[in-house]
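K.L.:
What follows is structure.txt, compact mmCIF, C-alpha atoms.
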```txt
# COMPACT_ATOMS: atom_id res chain seq x y z
CA MET A 198 26.03 1.58 -0.96
CA GLY A 199 28.65 1.53 1.81
CA ALA A 200 29.18 4.49 4.13
CA LEU A 201 32.07 5.59 6.32
CA VAL A 202 29.75 5.99 9.30
CA ARG A 203 26.41 4.43 10.12
CA ARG A 204 23.77 7.11 9.85
CA ARG A 205 21.04 7.48 12.44
CA VAL A 206 17.74 6.99 10.62
CA LEU A 207 14.21 7.33 12.02
CA VAL A 208 11.37 5.52 10.21
CA LEU A 209 7.89 6.54 11.34
CA SER A 210 4.45 4.98 10.94
CA THR A 211 0.97 6.19 11.87
CA ASP A 212 -0.30 2.59 12.05
CA PRO A 213 0.28 -0.07 14.72
CA ILE A 214 3.46 -2.11 14.38
CA GLY A 215 3.21 -5.67 15.67
CA PRO A 216 1.58 -8.98 14.81
CA GLU A 217 -1.39 -7.41 12.95
CA MET A 218 -0.23 -4.69 10.56
CA PRO A 219 -2.00 -2.89 7.70
CA GLY A 220 -0.16 -2.05 4.49
CA PRO A 221 1.53 1.23 5.58
CA ALA A 222 2.98 -0.40 8.71
CA ILE A 223 4.18 -3.41 6.69
CA ARG A 224 5.88 -0.99 4.32
CA ALA A 225 7.58 0.87 7.18
CA TRP A 226 8.67 -2.44 8.73
CA HIS A 227 10.36 -3.72 5.57
CA LEU A 228 11.90 -0.43 4.50
CA ALA A 229 13.34 -0.10 8.02
CA GLN A 230 14.74 -3.60 7.62
CA ALA A 231 16.35 -2.74 4.25
CA VAL A 232 17.81 0.56 5.48
CA GLY A 233 18.89 -1.15 8.69
CA GLU A 234 21.38 -3.26 6.74
CA HIS A 235 23.38 -0.05 6.24
CA ALA A 236 22.38 2.35 9.04
CA ASP A 237 21.25 2.52 12.67
CA VAL A 238 17.47 2.59 12.41
CA THR A 239 14.72 3.41 14.86
CA LEU A 240 11.27 2.25 13.73
CA ALA A 241 8.50 4.02 15.61
CA SER A 242 4.70 4.02 15.54
CA THR A 243 2.45 6.80 16.79
CA VAL A 244 -0.26 4.21 17.63
CA SER A 245 1.25 1.09 19.23
CA VAL A 246 4.25 -1.25 19.05
CA GLU A 247 4.61 -4.89 20.00
CA GLY A 248 7.44 -7.35 19.69
CA SER A 249 10.87 -6.66 18.19
CA HIS A 250 12.41 -5.89 14.82
CA PRO A 251 15.46 -7.65 13.30
CA ASN A 252 17.23 -4.48 12.09
CA ALA A 253 15.74 -1.61 14.08
CA ASP A 254 15.04 -0.33 17.55
CA LEU A 255 11.26 -0.52 17.88
CA ARG A 256 9.68 2.37 19.82
CA LEU A 257 6.43 4.19 20.48
CA ALA A 258 6.45 7.73 19.06
CA TYR A 259 4.26 9.74 21.40
CA GLY A 260 4.64 13.27 22.79
CA PRO A 261 8.14 14.11 24.02
CA ALA A 262 9.46 10.73 22.82
CA LEU A 263 8.69 11.70 19.23
CA THR A 264 10.55 15.00 19.61
CA GLU A 265 13.50 13.18 21.13
CA MET A 266 13.66 10.68 18.28
CA ILE A 267 13.39 13.35 15.56
CA THR A 268 16.14 15.40 17.20
CA ALA A 269 18.45 12.40 17.54
CA ALA A 270 18.03 11.24 13.94
CA GLU A 271 20.18 12.51 11.09
CA VAL A 272 17.34 11.81 8.65
CA THR A 273 13.67 10.92 9.12
CA PHE A 274 11.45 8.92 6.76
CA ALA A 275 7.78 9.59 7.46
CA PRO A 276 4.33 9.48 5.87
CA SER A 277 2.94 12.81 4.70
CA ALA A 278 0.32 12.99 7.47
CA LEU A 279 2.96 12.81 10.18
CA VAL A 280 5.09 15.47 8.52
CA TYR A 281 2.04 17.71 8.73
CA MET A 282 1.24 16.82 12.34
CA ALA A 283 4.74 16.94 13.82
CA GLN A 284 6.04 20.48 14.23
CA ASP A 285 9.50 19.04 14.90
CA LEU A 286 9.51 17.56 11.42
CA ARG A 287 8.03 20.57 9.64
CA ALA A 288 10.31 23.12 11.26
CA GLY A 289 13.38 21.02 12.12
CA PRO A 290 16.72 21.46 10.36
CA ASN A 291 17.44 17.83 9.48
CA PRO A 292 16.58 16.16 6.15
CA VAL A 293 13.13 14.61 5.85
CA ALA A 294 12.17 11.93 3.33
CA VAL A 295 8.40 11.84 2.79
CA ASP A 296 6.50 8.72 1.77
CA ILE A 297 3.75 9.57 -0.73
CA TYR A 298 3.20 6.09 -2.17
CA ASP A 299 -0.49 6.34 -1.22
CA PRO A 300 -2.39 9.32 -2.75
CA VAL A 301 -4.87 9.41 0.11
CA HIS A 302 -6.70 12.51 -1.14
CA LEU A 303 -7.77 10.53 -4.22
CA GLU A 304 -9.00 7.71 -1.97
CA ASN A 305 -10.96 10.28 0.01
CA LEU A 306 -12.85 11.27 -3.13
CA GLU A 307 -14.49 7.84 -2.87
CA MET A 308 -15.24 8.06 0.85
CA GLY A 309 -18.32 10.21 0.62
CA GLY A 310 -19.85 12.02 3.58
CA PRO A 311 -23.09 13.28 5.14
CA ASP A 312 -23.35 15.85 2.34
CA GLN A 313 -21.19 17.31 -0.40
CA ALA A 314 -20.02 20.24 1.71
CA ASP A 315 -18.72 17.93 4.45
CA HIS A 316 -17.11 15.69 1.87
CA ASP A 317 -15.47 18.71 0.26
CA ARG A 318 -14.06 19.84 3.61
CA ALA A 319 -12.60 16.38 4.24
CA VAL A 320 -10.93 16.13 0.84
CA THR A 321 -9.69 19.73 1.01
CA ARG A 322 -8.18 19.09 4.43
CA GLN A 323 -6.42 15.96 3.17
CA ALA A 324 -5.02 17.88 0.20
CA GLY A 325 -3.79 20.55 2.61
CA VAL A 326 -2.03 17.93 4.73
CA LEU A 327 -0.30 16.57 1.63
CA ASN A 328 0.66 20.02 0.39
CA ALA A 329 2.30 20.85 3.72
CA ALA A 330 4.42 17.71 3.40
CA LEU A 331 5.20 18.43 -0.26
CA ARG A 332 6.45 21.89 0.68
CA ARG A 333 8.68 20.53 3.45
CA GLY A 334 10.14 17.30 2.09
CA ASP A 335 13.72 16.98 0.92
CA PHE A 336 13.13 13.66 -0.82
CA PHE A 337 9.93 11.84 -1.79
CA THR A 338 9.14 8.17 -2.41
CA CYS A 339 6.22 7.07 -4.56
CA ALA A 340 4.98 3.74 -5.92
CA SER A 341 5.30 3.89 -9.73
CA GLU A 342 6.45 6.00 -12.64
CA ARG A 343 2.82 6.93 -13.28
CA GLN A 344 2.53 8.15 -9.69
CA ARG A 345 5.82 9.98 -10.06
CA ASP A 346 4.40 12.02 -12.93
CA PHE A 347 1.37 12.84 -10.79
CA TRP A 348 3.47 13.94 -7.81
CA LEU A 349 5.84 15.99 -9.99
CA GLY A 350 2.79 17.90 -11.18
CA SER A 351 1.73 18.50 -7.59
CA LEU A 352 5.23 19.63 -6.64
CA ALA A 353 5.41 21.92 -9.69
CA ALA A 354 2.16 23.61 -8.65
CA LEU A 355 3.71 24.32 -5.25
CA GLY A 356 6.89 25.75 -6.76
CA ARG A 357 9.15 22.81 -5.88
CA VAL A 358 10.09 22.23 -9.52
CA ASN A 359 12.45 25.15 -9.91
CA PRO A 360 15.98 26.02 -11.05
CA TYR A 361 17.44 24.94 -7.69
CA THR A 362 15.99 21.40 -7.72
CA TYR A 363 16.54 21.12 -11.49
CA ASP A 364 20.19 22.14 -11.49
CA GLY A 365 22.29 18.99 -11.85
CA ASP A 366 19.21 16.77 -11.69
CA PRO A 367 17.16 17.48 -14.84
CA LEU A 368 14.88 14.44 -14.31
CA LEU A 369 14.39 15.31 -10.61
CA THR A 370 15.07 11.73 -9.51
CA GLY A 371 16.94 13.20 -6.55
CA LEU A 372 13.70 14.84 -5.45
CA VAL A 373 11.13 12.12 -6.27
CA SER A 374 12.08 8.44 -6.68
CA VAL A 375 10.05 5.30 -7.24
CA VAL A 376 10.12 3.08 -4.13
CA PRO A 377 7.13 0.78 -4.56
CA PHE A 378 5.70 -1.70 -2.11
CA GLY A 379 7.84 -4.83 -2.03
CA LEU A 380 7.82 -8.49 -1.21
CA PRO A 381 10.19 -10.85 0.65
CA ASP A 382 13.24 -12.43 -0.96
CA GLU A 383 12.26 -15.87 0.33
CA PRO A 384 9.19 -17.74 -0.98
CA PRO A 385 6.13 -18.14 1.26
CA ARG A 386 6.41 -20.88 3.84
CA ARG A 387 3.55 -22.50 5.70
CA ARG A 388 3.67 -22.05 9.50
CA GLY A 389 0.36 -23.64 10.38
CA PRO A 390 -3.22 -24.17 9.23
CA GLY A 391 -4.85 -21.52 7.06
CA LEU A 392 -8.38 -21.65 5.66
CA ARG A 393 -9.14 -25.22 4.63
CA GLY A 394 -10.63 -27.27 7.42
CA VAL A 395 -10.37 -24.28 9.76
CA LEU A 396 -12.90 -21.78 8.42
CA PRO A 397 -16.23 -23.63 8.69
CA GLY A 398 -17.48 -24.41 5.18
CA VAL A 399 -14.08 -24.27 3.44
CA GLU A 400 -12.75 -27.78 2.91
CA VAL A 401 -9.75 -29.46 1.30
CA GLY A 402 -11.32 -30.07 -2.11
CA ASP A 403 -12.90 -26.65 -2.53
CA LYS A 404 -11.83 -24.02 -5.07
CA VAL A 405 -10.86 -21.00 -2.96
CA VAL A 406 -11.04 -17.50 -4.42
CA LEU A 407 -9.24 -15.12 -2.07
CA TRP A 408 -9.83 -11.43 -1.50
CA GLY A 409 -6.69 -10.43 0.42
CA GLY A 410 -6.57 -7.29 2.54
CA GLY A 411 -9.26 -4.89 3.61
CA VAL A 412 -12.58 -3.84 2.12
CA TYR A 413 -12.55 -0.13 1.28
CA ASN A 414 -14.92 2.29 -0.41
CA TRP A 415 -12.69 2.77 -3.46
CA LEU A 416 -12.82 -0.98 -4.20
CA ASP A 417 -15.66 -3.04 -5.70
CA PRO A 418 -16.00 -6.30 -3.73
CA ALA A 419 -19.71 -6.54 -4.59
CA ALA A 420 -18.79 -7.35 -8.20
CA VAL A 421 -16.94 -10.46 -7.03
CA VAL A 422 -19.90 -11.61 -4.93
CA ARG A 423 -22.26 -11.19 -7.88
CA ALA A 424 -19.84 -13.10 -10.12
CA VAL A 425 -19.55 -15.94 -7.59
CA ASP A 426 -23.34 -16.06 -7.30
CA ARG A 427 -23.39 -17.09 -10.96
CA LEU A 428 -20.15 -19.09 -10.94
CA ARG A 429 -21.41 -21.45 -8.20
CA HIS A 430 -23.78 -23.03 -10.74
CA ARG A 431 -20.79 -23.87 -12.99
CA VAL A 432 -18.28 -24.58 -10.20
CA PRO A 433 -20.27 -25.77 -7.14
CA GLU A 434 -17.12 -26.10 -5.03
CA VAL A 435 -16.17 -22.40 -5.40
CA ARG A 436 -15.61 -20.56 -2.09
CA LEU A 437 -14.94 -16.82 -1.92
CA VAL A 438 -13.11 -15.68 1.22
CA PHE A 439 -12.67 -12.06 2.32
CA LEU A 440 -9.58 -12.09 4.47
CA GLY A 441 -9.75 -8.79 6.36
CA MET A 442 -13.00 -7.14 7.37
CA ASN A 443 -11.83 -5.13 10.41
CA HIS A 444 -8.82 -2.80 10.10
CA PRO A 445 -6.19 -3.26 12.85
CA ASN A 446 -5.80 0.50 13.29
CA PRO A 447 -8.54 1.57 15.73
CA GLY A 448 -8.53 5.00 14.10
CA ILE A 449 -9.81 3.58 10.80
CA PRO A 450 -13.60 3.11 10.97
CA ALA A 451 -15.51 0.36 9.18
CA MET A 452 -16.48 1.55 5.72
CA LYS A 453 -19.92 1.54 4.16
CA VAL A 454 -18.89 -0.78 1.34
CA ALA A 455 -18.03 -3.46 3.94
CA SER A 456 -21.46 -3.46 5.54
CA ASP A 457 -23.14 -3.30 2.11
CA LEU A 458 -21.05 -6.30 1.06
CA VAL A 459 -22.17 -8.39 4.03
CA ASP A 460 -25.79 -7.44 3.33
CA LEU A 461 -25.51 -8.36 -0.35
CA SER A 462 -24.03 -11.78 0.40
CA ALA A 463 -26.77 -12.50 2.94
CA HIS A 464 -29.48 -11.30 0.54
CA LEU A 465 -28.20 -13.69 -2.15
CA GLY A 466 -28.05 -16.56 0.35
CA LEU A 467 -24.30 -17.02 -0.13
CA THR A 468 -22.89 -16.35 3.34
CA GLY A 469 -21.46 -19.44 4.99
CA LYS A 470 -22.00 -21.50 1.83
CA TYR A 471 -20.12 -19.79 -0.97
CA VAL A 472 -18.97 -16.51 0.59
CA PHE A 473 -17.03 -16.25 3.86
CA PHE A 474 -15.86 -13.28 5.91
CA ASN A 475 -12.85 -13.40 8.20
CA PRO A 476 -13.97 -11.01 10.94
CA GLY A 477 -10.50 -10.02 12.12
CA TRP A 478 -7.15 -9.31 10.49
CA VAL A 479 -4.65 -12.02 9.63
CA PRO A 480 -1.38 -11.73 11.60
CA TYR A 481 1.32 -10.62 9.21
CA GLN A 482 3.66 -13.54 9.92
CA ARG A 483 0.77 -15.97 9.24
CA ARG A 484 -0.41 -14.54 5.92
CA ALA A 485 1.39 -17.24 3.88
CA ASP A 486 -0.80 -19.93 5.47
CA PHE A 487 -3.88 -18.26 4.02
CA LEU A 488 -2.37 -17.35 0.66
CA LEU A 489 -1.16 -20.91 0.13
CA ASP A 490 -4.67 -22.25 0.77
CA ALA A 491 -6.09 -20.24 -2.16
CA ASP A 492 -6.50 -21.29 -5.80
CA VAL A 493 -7.13 -17.85 -7.31
CA ALA A 494 -6.81 -14.32 -5.93
CA VAL A 495 -8.99 -11.39 -6.82
CA SER A 496 -9.01 -7.60 -6.52
CA THR A 497 -11.67 -5.43 -8.11
CA HIS A 498 -12.18 -1.70 -8.09
CA LEU A 499 -14.31 0.95 -9.68
CA ASP A 500 -13.28 3.09 -12.62
CA HIS A 501 -12.13 6.37 -11.09
CA LEU A 502 -9.12 8.58 -10.46
CA GLU A 503 -7.84 6.62 -7.46
CA THR A 504 -7.57 3.50 -9.62
CA ARG A 505 -5.23 5.11 -12.15
CA TYR A 506 -2.67 6.06 -9.48
CA SER A 507 -3.17 3.10 -7.16
CA PHE A 508 -0.63 0.42 -6.28
CA ARG A 509 -2.49 -2.47 -4.67
CA SER A 510 -0.15 -4.04 -2.11
CA ARG A 511 -2.40 -7.13 -1.90
CA VAL A 512 -1.51 -7.89 -5.53
CA LEU A 513 2.14 -8.21 -4.50
CA ASP A 514 1.11 -10.79 -1.88
CA TYR A 515 -0.64 -12.72 -4.67
CA LEU A 516 2.50 -12.46 -6.82
CA TRP A 517 4.65 -13.67 -3.92
CA ALA A 518 2.43 -16.72 -3.42
CA GLY A 519 2.26 -17.50 -7.15
CA LEU A 520 -1.52 -17.13 -7.17
CA PRO A 521 -3.36 -16.76 -10.50
CA MET A 522 -5.17 -13.43 -10.44
CA VAL A 523 -8.36 -11.86 -11.68
CA LEU A 524 -8.06 -8.09 -11.42
CA THR A 525 -9.91 -5.02 -12.59
CA GLY A 526 -7.86 -3.18 -15.20
CA GLY A 527 -6.69 0.41 -15.11
CA ASP A 528 -3.73 0.39 -12.69
CA VAL A 529 -0.02 -0.24 -13.14
CA LEU A 530 0.23 -3.60 -11.38
CA THR A 531 -2.72 -5.09 -13.27
CA ASP A 532 -1.05 -4.17 -16.55
CA GLN A 533 2.12 -5.98 -15.43
CA VAL A 534 0.27 -9.06 -14.17
CA ALA A 535 -1.80 -9.42 -17.32
CA GLY A 536 1.21 -8.69 -19.55
CA ALA A 537 3.21 -11.46 -17.85
CA GLY A 538 0.39 -13.97 -18.26
CA LEU A 539 -0.16 -14.30 -14.51
CA GLY A 540 -3.85 -13.49 -14.56
CA VAL A 541 -6.72 -11.81 -16.34
CA ALA A 542 -7.69 -8.13 -16.40
CA VAL A 543 -11.40 -7.33 -16.66
CA ALA A 544 -13.27 -4.08 -17.15
CA ALA A 545 -14.68 -2.34 -14.08
CA GLY A 546 -18.20 -3.44 -13.21
CA ASP A 547 -18.32 -6.28 -15.77
CA ASP A 548 -19.64 -9.13 -13.62
CA LEU A 549 -20.02 -11.50 -16.58
CA ALA A 550 -16.38 -11.05 -17.61
CA LEU A 551 -15.35 -11.47 -13.98
CA GLU A 552 -17.27 -14.75 -13.70
CA ASP A 553 -15.69 -16.06 -16.91
CA ALA A 554 -12.18 -15.01 -15.85
CA LEU A 555 -12.54 -16.75 -12.48
CA ALA A 556 -13.73 -19.93 -14.18
CA ARG A 557 -10.76 -19.85 -16.58
CA MET A 558 -8.16 -19.25 -13.86
CA LEU A 559 -9.62 -22.02 -11.68
CA ALA A 560 -9.61 -24.48 -14.57
CA ASP A 561 -6.31 -23.54 -16.23
CA PRO A 562 -3.96 -21.57 -13.95
CA PRO A 563 -0.58 -20.32 -15.21
CA PRO A 564 2.46 -22.38 -14.18
CA LYS A 565 4.12 -21.37 -10.91
CA GLU A 566 7.52 -20.73 -12.51
CA ARG A 567 6.05 -17.93 -14.61
CA PHE A 568 5.69 -15.73 -11.52
CA ALA A 569 9.38 -15.53 -10.56
CA PRO A 570 10.68 -12.90 -13.06
CA LEU A 571 8.13 -10.25 -12.04
CA ALA A 572 8.44 -11.14 -8.35
CA ARG A 573 12.20 -10.55 -8.43
CA GLN A 574 11.64 -6.95 -9.55
CA TYR A 575 9.74 -6.22 -6.34
CA THR A 576 11.87 -7.64 -3.55
CA TRP A 577 12.27 -5.16 -0.68
CA ALA A 578 16.05 -5.07 -1.08
CA THR A 579 15.58 -4.03 -4.72
CA VAL A 580 12.82 -1.45 -4.37
CA ALA A 581 14.41 0.23 -1.31
CA ARG A 582 17.63 1.25 -3.08
CA PRO A 583 16.74 4.93 -3.73
CA LEU A 584 15.70 5.39 -0.09
CA ILE A 585 18.84 3.66 1.18
CA GLU A 586 20.99 5.96 -0.96
CA PHE A 587 19.27 9.06 0.41
CA CYS A 588 19.54 7.87 4.01
CA LEU A 589 23.26 7.16 3.63
CA GLN A 590 23.86 10.62 2.18
CA PRO A 591 21.04 12.72 3.63
CA HIS A 592 20.76 16.34 2.58
CA ARG A 593 18.30 19.17 2.47
CA ALA A 594 16.74 19.78 -0.94
CA ALA A 595 18.50 22.54 -2.88
CA ASP A 596 15.49 24.86 -2.87
CA THR A 597 14.81 24.51 0.86
CA ARG A 598 18.32 25.83 1.60
CA VAL A 599 17.57 29.22 0.06
CA GLY A 600 14.86 31.78 0.67
CA ARG A 601 12.48 31.40 -2.27
CA LEU A 602 9.26 33.22 -3.02
CA SER A 603 6.13 31.10 -3.12
CA PRO A 604 4.43 30.91 -6.55
CA GLU A 605 1.66 33.14 -5.25
CA ALA A 606 4.11 35.77 -3.99
CA ALA A 607 6.10 35.63 -7.22
CA ALA A 608 2.96 36.11 -9.27
CA GLY A 609 2.09 39.14 -7.16
CA ASP A 610 5.45 40.68 -8.06
CA ALA A 611 4.85 40.26 -11.79
```
As structure tokens, what does this structure read like?
P.N.:
Amino acid sequence: MGALVRRRVLVLSTDPIGPEMPGPAIRAWHLAQAVGEHADVTLASTVSVEGSHPNADLRLAYGPALTEMITAAEVTFAPSALVYMAQDLRAGPNPVAVDIYDPVHLENLEMGGPDQADHDRAVTRQAGVLNAALRRGDFFTCASERQRDFWLGSLAALGRVNPYTYDGDPLLTGLVSVVPFGLPDEPPRRRGPGLRGVLPGVEVGDKVVLWGGGVYNWLDPAAVVRAVDRLRHRVPEVRLVFLGMNHPNPGIPAMKVASDLVDLSAHLGLTGKYVFFNPGWVPYQRRADFLLDADVAVSTHLDHLETRYSFRSRVLDYLWAGLPMVLTGGDVLTDQVAGAGLGVAVAAGDDLALEDALARMLADPPPKERFAPLARQYTWATVARPLIEFCLQPHRAADTRVGRLSPEAAAGDA
């Protein structure tokens, strides 16, 4: 992957970069680190930055500073929303790699709204944002082969699957490549206290079931609470901990499922005894302390379209920490976890199966060494390779270099 010159690469995030980072910012941080082994990287956030980065110049991307950074870069890697918002990216001449690992318009189907018309407008707007980025991008990164099929269909509908992009690249891997979420090369290392003896009610001898990450409308945390409500009679020392209730991005509001979850736990008399809520967001560099204090990790979701194309980054944290897992089936990572014998997949909404799976994983967890083969497939250095290759040899997509008719215009000529 060597290059004669070090390319100037800009990596952008629409989430805060610093001690407390949500998934998209963590992804930008680590991909900037991987690319920064081979290129001169600027990592910039449109929200806030704090601290420093080992392989990148960390900057705030706001107003004229964003324009300056885009102009100076030979290639920019950005989320779809920012490609839509930044005129300098949409209309600029330099190559743009677009990150579409998160199909946010499918998540928005689960968000709801005051009424169906408002909900429709929100989802339609999000689809329009994505389509603008799909029309502009020279290279796209997604999270799985299943997602890749989905995005190729979206690109085909917009006319991006055409003789120009197909010529010399019949599988279109030069247009859309799989760059999933990753995990560190090194194993988790404790830096300080985590949950036990720190969170009131969670003690050394307890059996900790961990819900890592945020609580969002497309997930089903209530199923875990109902399962624990029954499990506590079989395993009195069970403690369910929700690790992140408040998103660190101030632009992301609290979701209805989070408040409903707190109400359900209180109604069942579980809060502070068997169910615990961390009110903030765990600092990224401290997450190992909390993961290593858990016995079993859990992630549950509903049975809908978002599930099929999801890639739950929290599951990779569980894999990194060697935590036995109980997961709702239906997504790519759950299939891999269950297939490797690292956890149990249950059907959506099946609280009885969820209770039984938690009891089994607490009583008879898989051995730690079983986690390593799958974990090695997802190290950041491994998953970032397609993006690194594009950044070292950036180029405009073949069809964006020529004047092509849109599908609608071409149909009008028929």
K.L.:
CA of Thr597 (chain A) and CA of Gln284 (chain A), how far apart in Å?
P.N.:
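Between CA of Gln284 (chain A) and CA of Thr597 (chain A) the gap is 16.5 Å.
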K.L.:
Find the spatial neighbours of Gly309 (chain A), counting all atoms listed in the file, within a cut-off of 12 Å - ignore same-chain residues fewer than 3 positions away - and output them as a PyMOL selection string.
P.N.:
chain A and resi 302-306+312-320+413-415+452-454
K.L.:
Name the residues in contact with Gln230 (chain A) at a cut-off of 10 Å, using all atoms listed in the file, excluding same-chain residues fewer than 5 positions from it; report them as a list in words.
P.N.:
Arg224, Ala225, His235, Ala236, Val238, Leu240, His250, Pro251, Asn252, Ala253, Trp577, Ala578 and Ala581 of chain A
K.L.:
Quick one, how far is CA of Gly398 (chain A) from CA of Ala554 (chain A)?
P.N.:
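Computing it gives 23.6 Å between the two atoms.
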K.L.:
Hey, can you check how far CA of Ala419 (chain A) sits from CA of Pro390 (chain A)?
P.N.:
27.8 Å
K.L.:
Can you work out which one of A:Gly410, A:Ala353, A:Pro219, A:Arg205 has the shortest atom-to-atom distance to Asp254 (chain A), counting only C-alpha atoms?
P.N.:
A:Arg205
K.L.:
Could you check the closest approach to Ala231 (chain A) for each of A:Ile267, A:Leu396, A:Ala463, A:Ile585 and tell me which residue wins, using all atoms listed in the file?
P.N.:
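Nearest candidate to Ala231 (chain A) out of A:Ile267, A:Leu396, A:Ala463, A:Ile585: A:Ile585.
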K.L.:
For Ser249 (chain A), which of A:Ala494, A:Met282, A:Ile214, A:Met266 is the closest residue, counting only C-alpha atoms?
P.N.:
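Distance minimum relative to Ser249 (chain A) lands on A:Ile214.
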K.L.:
Can you tell me which residues surround Val543 (chain A) at a distance of at most 8 Å, considering all atoms listed in the file, apart from same-chain residues fewer than 2 positions away, and format the answer as a list of chain:residue names?
P.N.:
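Close residues of Val543 (chain A): A:Val523, A:Leu524, A:Thr525, A:Gly526, A:Val541, A:Ala545, A:Asp547, A:Ala550, A:Leu551, A:Ala554.
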K.L.:
Name the closest residue to Gly289 (chain A) among the candidates A:Glu271, A:Arg256, A:Leu584, A:Val301; distances are taken between atoms, counting all atoms listed in the file.
P.N.:
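Among the listed residues, the smallest separation from Gly289 (chain A) belongs to A:Glu271.
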K.L.:
Can you find the residues with an atom no farther than 12 Å from (-2.5, -7.8, -2.6), counting all atoms listed in the file, and report them as an NGL selection string?
P.N.:
:A and (219-220 or 378-380 or 407-412 or 440-441 or 484 or 488 or 494-497 or 507-524 or 530-531 or 534)
K.L.:
Take the residues from that selection and write them out as a PDB file, keeping the file's coordinate frame, keeping C-alpha atoms.
P.N.:
```pdb
ATOM      1  CA  PRO A 219      -2.000  -2.890   7.700  1.00  0.00           C
ATOM      2  CA  GLY A 220      -0.160  -2.050   4.490  1.00  0.00           C
ATOM      3  CA  PHE A 378       5.700  -1.700  -2.110  1.00  0.00           C
ATOM      4  CA  GLY A 379       7.840  -4.830  -2.030  1.00  0.00           C
ATOM      5  CA  LEU A 380       7.820  -8.490  -1.210  1.00  0.00           C
ATOM      6  CA  LEU A 407      -9.240 -15.120  -2.070  1.00  0.00           C
ATOM      7  CA  TRP A 408      -9.830 -11.430  -1.500  1.00  0.00           C
ATOM      8  CA  GLY A 409      -6.690 -10.430   0.420  1.00  0.00           C
ATOM      9  CA  GLY A 410      -6.570  -7.290   2.540  1.00  0.00           C
ATOM     10  CA  GLY A 411      -9.260  -4.890   3.610  1.00  0.00           C
ATOM     11  CA  VAL A 412     -12.580  -3.840   2.120  1.00  0.00           C
ATOM     12  CA  LEU A 440      -9.580 -12.090   4.470  1.00  0.00           C
ATOM     13  CA  GLY A 441      -9.750  -8.790   6.360  1.00  0.00           C
ATOM     14  CA  ARG A 484      -0.410 -14.540   5.920  1.00  0.00           C
ATOM     15  CA  LEU A 488      -2.370 -17.350   0.660  1.00  0.00           C
ATOM     16  CA  ALA A 494      -6.810 -14.320  -5.930  1.00  0.00           C
ATOM     17  CA  VAL A 495      -8.990 -11.390  -6.820  1.00  0.00           C
ATOM     18  CA  SER A 496      -9.010  -7.600  -6.520  1.00  0.00           C
ATOM     19  CA  THR A 497     -11.670  -5.430  -8.110  1.00  0.00           C
ATOM     20  CA  SER A 507      -3.170   3.100  -7.160  1.00  0.00           C
ATOM     21  CA  PHE A 508      -0.630   0.420  -6.280  1.00  0.00           C
ATOM     22  CA  ARG A 509      -2.490  -2.470  -4.670  1.00  0.00           C
ATOM     23  CA  SER A 510      -0.150  -4.040  -2.110  1.00  0.00           C
ATOM     24  CA  ARG A 511      -2.400  -7.130  -1.900  1.00  0.00           C
ATOM     25  CA  VAL A 512      -1.510  -7.890  -5.530  1.00  0.00           C
ATOM     26  CA  LEU A 513       2.140  -8.210  -4.500  1.00  0.00           C
ATOM     27  CA  ASP A 514       1.110 -10.790  -1.880  1.00  0.00           C
ATOM     28  CA  TYR A 515      -0.640 -12.720  -4.670  1.00  0.00           C
ATOM     29  CA  LEU A 516       2.500 -12.460  -6.820  1.00  0.00           C
ATOM     30  CA  TRP A 517       4.650 -13.670  -3.920  1.00  0.00           C
ATOM     31  CA  ALA A 518       2.430 -16.720  -3.420  1.00  0.00           C
ATOM     32  CA  GLY A 519       2.260 -17.500  -7.150  1.00  0.00           C
ATOM     33  CA  LEU A 520      -1.520 -17.130  -7.170  1.00  0.00           C
ATOM     34  CA  PRO A 521      -3.360 -16.760 -10.500  1.00  0.00           C
ATOM     35  CA  MET A 522      -5.170 -13.430 -10.440  1.00  0.00           C
ATOM     36  CA  VAL A 523      -8.360 -11.860 -11.680  1.00  0.00           C
ATOM     37  CA  LEU A 524      -8.060  -8.090 -11.420  1.00  0.00           C
ATOM     38  CA  LEU A 530       0.230  -3.600 -11.380  1.00  0.00           C
ATOM     39  CA  THR A 531      -2.720  -5.090 -13.270  1.00  0.00           C
ATOM     40  CA  VAL A 534       0.270  -9.060 -14.170  1.00  0.00           C
TER      41      VAL A 534
END
```
K.L.:
Using all atoms listed in the file, which of A:Asp382, A:Ser277, A:Gln533, A:Val202 sits nearest Arg573 (chain A)?
P.N.:
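Using all atoms listed in the file, the shortest distance to Arg573 (chain A) belongs to A:Asp382.
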K.L.:
Would you list the contacts of Ser210 (chain A) as a count of residues only, taking every protein, DNA or RNA residue within 9 Å and counting only C-alpha atoms, but skipping same-chain residues closer than 6 positions in sequence?
P.N.:
13
K.L.:
Tell me which of A:Leu437, A:Arg333, A:Leu255, A:Leu355 sits closest to Asp490 (chain A), counting all atoms listed in the file.
P.N.:
A:Leu437
K.L.:
Quick one: axis-aligned box around all listed atoms of region 204-208 of chain A, 3 Å on every side, centre and edge lengths in Å to one decimal, written as AutoDock Vina command-line options.
P.N.:
```
--center_x 17.6 --center_y 6.5 --center_z 11.1 --size_x 18.4 --size_y 8.0 --size_z 8.6
```
K.L.:
Within 12 Å of (-14.1, -32.4, -3.8) (coordinates as in the file), grab all the protein and nucleic acid residues, counting all atoms listed in the file, and write them out as a list in words.
P.N.:
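Residues close enough to count: Val399, Glu400, Val401, Gly402, Asp403, Lys404, Val405, Val432, Pro433, Glu434 and Val435 of chain A.
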K.L.:
Leaving out Ala329 (chain A) and any residue of its chain fewer than 6 positions from it, which residues lie within 9 Å of it when counting all atoms listed in the file, given as a list in words?
P.N.:
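So the residues in contact are Ser277, Ala278, Val280, Tyr281 and Arg287 of chain A.
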